[in-house]
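Student: Provided below: upload-v9.tsv, containing TSV, C-alpha atoms.
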```tsv
chain	number	residue	atom	x	y	z
A	217	MET	CA	-53.43	-107.47	6.08
A	218	ASP	CA	-52.01	-107.09	2.61
A	219	ILE	CA	-53.91	-104.52	0.62
A	220	LYS	CA	-54.59	-107.07	-2.11
A	221	ASP	CA	-56.57	-109.10	0.45
A	222	LEU	CA	-59.03	-106.33	1.24
A	223	LYS	CA	-62.52	-106.98	-0.13
A	224	TYR	CA	-63.06	-104.82	-3.16
A	225	ASP	CA	-66.51	-104.71	-4.74
A	226	ALA	CA	-67.48	-105.92	-8.23
A	227	ASN	CA	-65.90	-102.77	-9.67
A	228	GLY	CA	-62.68	-103.31	-7.74
A	229	LEU	CA	-63.47	-100.49	-5.32
A	230	ILE	CA	-63.53	-100.08	-1.57
A	231	PRO	CA	-65.13	-97.10	0.20
A	232	ALA	CA	-62.81	-94.89	2.22
A	233	ILE	CA	-64.21	-92.78	5.02
A	234	ILE	CA	-62.04	-89.76	5.53
A	235	GLN	CA	-61.85	-88.40	9.06
A	236	ASP	CA	-60.14	-85.26	10.31
A	237	ALA	CA	-57.32	-86.50	12.54
A	238	ALA	CA	-57.45	-83.26	14.50
A	239	ASN	CA	-61.09	-83.11	15.59
A	240	GLY	CA	-62.73	-86.37	14.47
A	241	ASP	CA	-65.07	-84.77	11.94
A	242	VAL	CA	-66.00	-87.04	9.05
A	243	LEU	CA	-64.93	-85.06	5.99
A	244	MET	CA	-65.95	-87.15	3.00
A	245	VAL	CA	-66.37	-90.59	1.50
A	246	ALA	CA	-64.47	-91.56	-1.62
A	247	TYR	CA	-63.49	-94.78	-3.33
A	248	MET	CA	-60.18	-96.50	-3.84
A	249	ASN	CA	-59.04	-99.42	-5.89
A	250	GLU	CA	-55.96	-101.43	-5.00
A	251	GLU	CA	-53.67	-99.27	-7.10
A	252	SER	CA	-54.96	-95.98	-5.69
A	253	LEU	CA	-54.50	-97.36	-2.17
A	254	ARG	CA	-50.95	-98.34	-3.11
A	255	ARG	CA	-50.29	-94.81	-4.39
A	256	THR	CA	-51.82	-93.40	-1.19
A	257	LEU	CA	-49.40	-95.45	0.90
A	258	GLU	CA	-46.41	-94.45	-1.25
A	259	LEU	CA	-47.31	-90.76	-1.40
A	260	GLY	CA	-48.58	-90.36	2.17
A	261	GLU	CA	-51.52	-88.40	0.74
A	262	THR	CA	-54.90	-89.67	-0.39
A	263	VAL	CA	-55.29	-90.86	-3.97
A	264	TYR	CA	-58.77	-91.99	-4.96
A	265	TRP	CA	-60.38	-93.57	-7.97
A	266	SER	CA	-62.88	-91.14	-9.42
A	267	ARG	CA	-65.96	-93.12	-10.39
A	268	SER	CA	-67.36	-90.25	-12.47
A	269	ARG	CA	-64.15	-89.52	-14.37
A	270	GLN	CA	-62.81	-93.08	-14.25
A	271	GLU	CA	-59.32	-91.94	-13.37
A	272	PHE	CA	-56.96	-91.62	-10.42
A	273	TRP	CA	-57.60	-88.55	-8.34
A	274	HIS	CA	-54.82	-87.26	-6.15
A	275	LYS	CA	-56.90	-85.15	-3.80
A	276	GLY	CA	-55.73	-81.55	-3.73
A	277	GLU	CA	-53.41	-81.89	-6.70
A	278	THR	CA	-55.03	-78.86	-8.35
A	279	SER	CA	-56.80	-77.19	-5.39
A	280	GLY	CA	-53.95	-77.58	-2.91
A	281	HIS	CA	-56.42	-79.16	-0.48
A	282	THR	CA	-54.36	-82.26	0.11
A	283	GLN	CA	-54.92	-84.85	2.78
A	284	LYS	CA	-51.87	-86.10	4.60
A	285	VAL	CA	-52.51	-89.62	5.84
A	286	SER	CA	-51.96	-90.18	9.53
A	287	GLU	CA	-53.63	-93.58	9.94
A	288	ILE	CA	-55.47	-96.19	7.87
A	289	ARG	CA	-57.86	-98.63	9.47
A	290	TYR	CA	-60.05	-101.33	7.94
A	291	ASP	CA	-63.24	-102.81	9.27
A	292	CYS	CA	-64.15	-106.30	10.50
A	293	ASP	CA	-65.29	-107.38	7.02
A	294	ALA	CA	-62.25	-105.75	5.37
A	295	ASP	CA	-64.59	-104.05	2.93
A	296	ALA	CA	-64.30	-100.46	4.14
A	297	LEU	CA	-61.41	-98.16	5.06
A	298	LEU	CA	-61.20	-95.43	7.66
A	299	ILE	CA	-58.45	-92.95	6.89
A	300	LYS	CA	-57.48	-90.25	9.34
A	301	VAL	CA	-55.93	-87.27	7.65
A	302	GLU	CA	-54.48	-83.86	8.20
A	303	GLN	CA	-56.74	-81.86	5.91
A	304	GLU	CA	-55.29	-78.85	4.13
A	305	GLY	CA	-58.08	-76.30	3.62
A	306	ALA	CA	-61.51	-77.56	2.66
A	307	ALA	CA	-62.25	-81.22	1.96
A	308	CYS	CA	-65.39	-80.39	-0.03
A	309	HIS	CA	-65.39	-78.97	-3.56
A	310	THR	CA	-68.08	-76.52	-2.39
A	311	GLY	CA	-65.54	-74.86	-0.13
A	312	GLU	CA	-67.08	-76.30	3.02
A	313	ARG	CA	-64.70	-77.96	5.41
A	314	THR	CA	-66.64	-81.24	5.29
A	315	CYS	CA	-68.85	-82.70	2.56
A	316	PHE	CA	-71.42	-83.53	5.27
A	317	PHE	CA	-72.49	-79.96	5.92
A	318	ARG	CA	-76.23	-80.53	5.55
A	319	THR	CA	-78.65	-82.19	7.95
A	320	LEU	CA	-81.54	-84.32	6.79
A	321	ASP	CA	-84.86	-82.90	8.02
A	322	GLN	CA	-86.47	-85.46	10.23
B	304	MET	CA	-83.98	-82.96	0.99
B	305	ASP	CA	-86.64	-85.62	0.64
B	306	ILE	CA	-85.18	-89.07	1.23
B	307	LYS	CA	-86.45	-90.20	-2.17
B	308	ASP	CA	-84.17	-87.60	-3.78
B	309	LEU	CA	-80.98	-88.98	-2.28
B	310	LYS	CA	-78.73	-90.70	-4.81
B	311	TYR	CA	-79.02	-94.43	-4.37
B	312	ASP	CA	-76.70	-96.70	-6.35
B	313	ALA	CA	-77.68	-99.24	-9.03
B	314	ASN	CA	-78.85	-101.58	-6.28
B	315	GLY	CA	-80.93	-98.86	-4.63
B	316	LEU	CA	-78.46	-98.49	-1.77
B	317	ILE	CA	-76.67	-95.61	-0.09
B	318	PRO	CA	-73.74	-96.06	2.32
B	319	ALA	CA	-74.28	-94.87	5.87
B	320	ILE	CA	-71.29	-93.99	8.02
B	321	ILE	CA	-72.15	-94.51	11.64
B	322	GLN	CA	-70.42	-92.22	14.11
B	323	ASP	CA	-70.54	-92.32	17.89
B	324	ALA	CA	-72.32	-89.12	18.90
B	325	ALA	CA	-70.51	-89.15	22.24
B	326	ASN	CA	-66.86	-89.29	21.17
B	327	GLY	CA	-66.79	-89.00	17.37
B	328	ASP	CA	-65.44	-92.52	16.75
B	329	VAL	CA	-66.49	-94.00	13.43
B	330	LEU	CA	-68.23	-97.23	14.43
B	331	MET	CA	-69.19	-98.92	11.17
B	332	VAL	CA	-70.39	-98.56	7.62
B	333	ALA	CA	-73.64	-100.14	6.51
B	334	TYR	CA	-76.08	-99.69	3.67
B	335	MET	CA	-79.61	-98.38	3.50
B	336	ASN	CA	-82.26	-98.33	0.85
B	337	GLU	CA	-85.06	-95.77	0.85
B	338	GLU	CA	-87.35	-98.00	2.87
B	339	SER	CA	-84.75	-98.80	5.54
B	340	LEU	CA	-84.00	-95.09	5.87
B	341	ARG	CA	-87.74	-94.44	6.25
B	342	ARG	CA	-87.91	-97.09	8.98
B	343	THR	CA	-84.84	-95.55	10.65
B	344	LEU	CA	-86.57	-92.17	10.76
B	345	GLU	CA	-89.80	-93.65	12.10
B	346	LEU	CA	-88.13	-95.84	14.71
B	347	GLY	CA	-85.37	-93.44	15.76
B	348	GLU	CA	-82.95	-96.38	15.60
B	349	THR	CA	-80.86	-97.56	12.66
B	350	VAL	CA	-82.40	-100.03	10.22
B	351	TYR	CA	-80.11	-101.19	7.42
B	352	TRP	CA	-80.45	-103.30	4.33
B	353	SER	CA	-78.29	-106.38	4.74
B	354	ARG	CA	-76.58	-107.02	1.42
B	355	SER	CA	-75.52	-110.55	2.44
B	356	ARG	CA	-78.92	-111.62	3.74
B	357	GLN	CA	-80.96	-109.38	1.42
B	358	GLU	CA	-83.29	-108.29	4.19
B	359	PHE	CA	-83.95	-105.41	6.54
B	360	TRP	CA	-81.70	-105.40	9.55
B	361	HIS	CA	-82.80	-103.51	12.63
B	362	LYS	CA	-79.43	-103.17	14.30
B	363	GLY	CA	-79.44	-104.59	17.82
B	364	GLU	CA	-82.84	-106.27	17.48
B	365	THR	CA	-81.37	-109.56	18.66
B	366	SER	CA	-78.12	-108.41	20.35
B	367	GLY	CA	-79.58	-105.43	22.17
B	368	HIS	CA	-76.82	-103.30	20.65
B	369	THR	CA	-79.15	-100.71	19.21
B	370	GLN	CA	-78.18	-97.36	17.79
B	371	LYS	CA	-80.37	-94.42	18.75
B	372	VAL	CA	-80.20	-91.81	16.01
B	373	SER	CA	-79.20	-88.35	17.11
B	374	GLU	CA	-78.50	-86.75	13.73
B	375	ILE	CA	-78.50	-87.65	10.04
B	376	ARG	CA	-76.36	-85.73	7.56
B	377	TYR	CA	-75.87	-86.22	3.82
B	378	ASP	CA	-72.94	-85.22	1.69
B	379	CYS	CA	-72.52	-82.71	-1.12
B	380	ASP	CA	-73.36	-85.33	-3.77
B	381	ALA	CA	-76.25	-86.71	-1.70
B	382	ASP	CA	-74.84	-90.20	-2.21
B	383	ALA	CA	-73.63	-90.92	1.32
B	384	LEU	CA	-75.10	-90.54	4.80
B	385	LEU	CA	-73.43	-89.70	8.09
B	386	ILE	CA	-75.51	-90.85	11.05
B	387	LYS	CA	-74.56	-89.91	14.59
B	388	VAL	CA	-75.85	-92.41	17.11
B	389	GLU	CA	-75.97	-93.27	20.76
B	390	GLN	CA	-74.48	-96.76	20.60
B	391	GLU	CA	-75.72	-99.35	23.07
B	392	GLY	CA	-72.85	-101.79	23.78
B	393	ALA	CA	-70.64	-102.83	20.88
B	394	ALA	CA	-71.27	-101.78	17.30
B	395	CYS	CA	-69.22	-104.66	15.90
B	396	HIS	CA	-70.37	-108.27	15.80
B	397	THR	CA	-66.90	-109.27	17.09
B	398	GLY	CA	-67.66	-107.55	20.38
B	399	GLU	CA	-65.35	-104.63	19.65
B	400	ARG	CA	-66.81	-101.21	20.19
B	401	THR	CA	-66.06	-100.17	16.59
B	402	CYS	CA	-65.71	-102.28	13.44
B	403	PHE	CA	-62.54	-100.31	12.63
B	404	PHE	CA	-60.39	-101.84	15.34
B	405	ARG	CA	-57.48	-102.84	13.10
B	406	THR	CA	-54.80	-100.67	11.56
B	407	LEU	CA	-53.37	-101.32	8.11
B	408	ASP	CA	-49.63	-101.92	8.29
B	409	GLN	CA	-47.96	-99.23	6.25
```
Show how you would write the structure in this file as structure tokens.
Tutor:
Amino acid sequence: MDIKDLKYDANGLIPAIIQDAANGDVLMVAYMNEESLRRTLELGETVYWSRSRQEFWHKGETSGHTQKVSEIRYDCDADALLIKVEQEGAACHTGERTCFFRTLDQ
Amino acid sequence: MDIKDLKYDANGLIPAIIQDAANGDVLMVAYMNEESLRRTLELGETVYWSRSRQEFWHKGETSGHTQKVSEIRYDCDADALLIKVEQEGAACHTGERTCFFRTLDQ
């Protein structure tokens, strides 16, 4: 699979699920375009496309909470990525280890 | 968090990451709207909104490969769900246990 053949959405984005390589916890979901995925592969650390700021976002560049890529998988439809990472510090901007720290009341 | 207060996208959808409650494997990503999430909560099994067919999709209704919900989490931005499930059979329509069965060559 060439990264240009992945199925990006109408905005040129593909969701990336970020999973802790050490314990399997899902840490966050972010979005990549082809160029940010290319930079991720080159750098060996996650680089996203920030939908709110409309710019590349090298995770941890300012906080130090980088994510070293250990594996990248893609799904059967090639429209989602699963990236296993070695997470430095907290993945969430709140300081929590994972962005999914709250449970929906059922 | 009331499910109506989650952040759905312009199409009224929110991505749901489905994780195997037993071993932590990420099985698939699918999309829900508010009504499919409500049905999921009522039924205790995942009900998605199929973007390709534009209809509700009770996972496993025909295949028997249902997903019993054990926990629903939402992220810091409330624009993504993490649902831990007890997966019956294969999650993927290809017959693979997980949709993420392929690794991107790096």
Student: Using only C-alpha atoms, which residues sit within 10 Å of Asp308 (chain B) once same-chain residues fewer than 3 positions away are excluded, as a PDB file with C-alpha atoms, in the coordinates of the input?
Tutor:
```
ATOM      1  CA  MET B 304     -83.980 -82.960   0.990  1.00  0.00           C
ATOM      2  CA  ASP B 305     -86.640 -85.620   0.640  1.00  0.00           C
ATOM      3  CA  TYR B 311     -79.020 -94.430  -4.370  1.00  0.00           C
ATOM      4  CA  GLU B 337     -85.060 -95.770   0.850  1.00  0.00           C
ATOM      5  CA  ALA B 381     -76.250 -86.710  -1.700  1.00  0.00           C
ATOM      6  CA  ASP B 382     -74.840 -90.200  -2.210  1.00  0.00           C
TER       7      ASP B 382
END
```
Student: In Å to one decimal, how far is CA of Lys387 (chain B) from CA of Gly327 (chain B)?
Tutor: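 A separation of 8.3 Å between them.
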Student: Up to 12 Å from (-68.0, -78.5, 4.8) in the file's coordinates: name the residues, counting only C-alpha atoms, as a list in words.
Tutor: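 Residues with an atom at most 12 Å from (-68.0, -78.5, 4.8): Asp236, Asp241, Val242, Leu243, Met244, Gln303, Gly305, Ala306, Ala307, Cys308, His309, Thr310, Gly311, Glu312, Arg313, Thr314, Cys315, Phe316, Phe317, Arg318 and Thr319 of chain A; Arg376, Tyr377, Asp378 and Cys379 of chain B.
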Student: Give me, please, the distance in Å between CA of Ser339 (chain B) and CA of Ala313 (chain B), quoted to one decimal.
Tutor: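 Separation between CA of Ser339 (chain B) and CA of Ala313 (chain B): 16.2 Å.
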Student: Could you check how far CA of Ile320 (chain B) sits from CA of Gly260 (chain A), in Å to one decimal?
Tutor: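 That distance, rounded to one decimal, is 23.7 Å.
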Student: So that I can see what lies close to Ser266 (chain A), please list as an NGL selection string the residues with an atom at most 9 Å from it, counting all atoms listed in the file and leaving out residues fewer than 3 positions away in the same chain.
Tutor: :A and (246-248 or 269-273)
Student: For each of B:Lys307, B:Gly367, B:Leu316, B:Ser373, take the minimum atom-to-atom distance to Arg341 (chain B), counting all atoms listed in the file, then give the residue where this is smallest.
Tutor: B:Lys307
Student: Pick out the closest residue to Ile230 (chain A) from this set: A:Glu258, A:Glu302, A:Asp321, A:Glu251. Count only C-alpha atoms.
Tutor: A:Glu251
Student: Select, counting all atoms listed in the file, all protein, DNA and RNA residues no farther than 6 Å from (-59.1, -91.2, 7.1) in file coordinates, and express the selection as a PyMOL selection string.
Tutor: chain A and resi 233-235+298-301
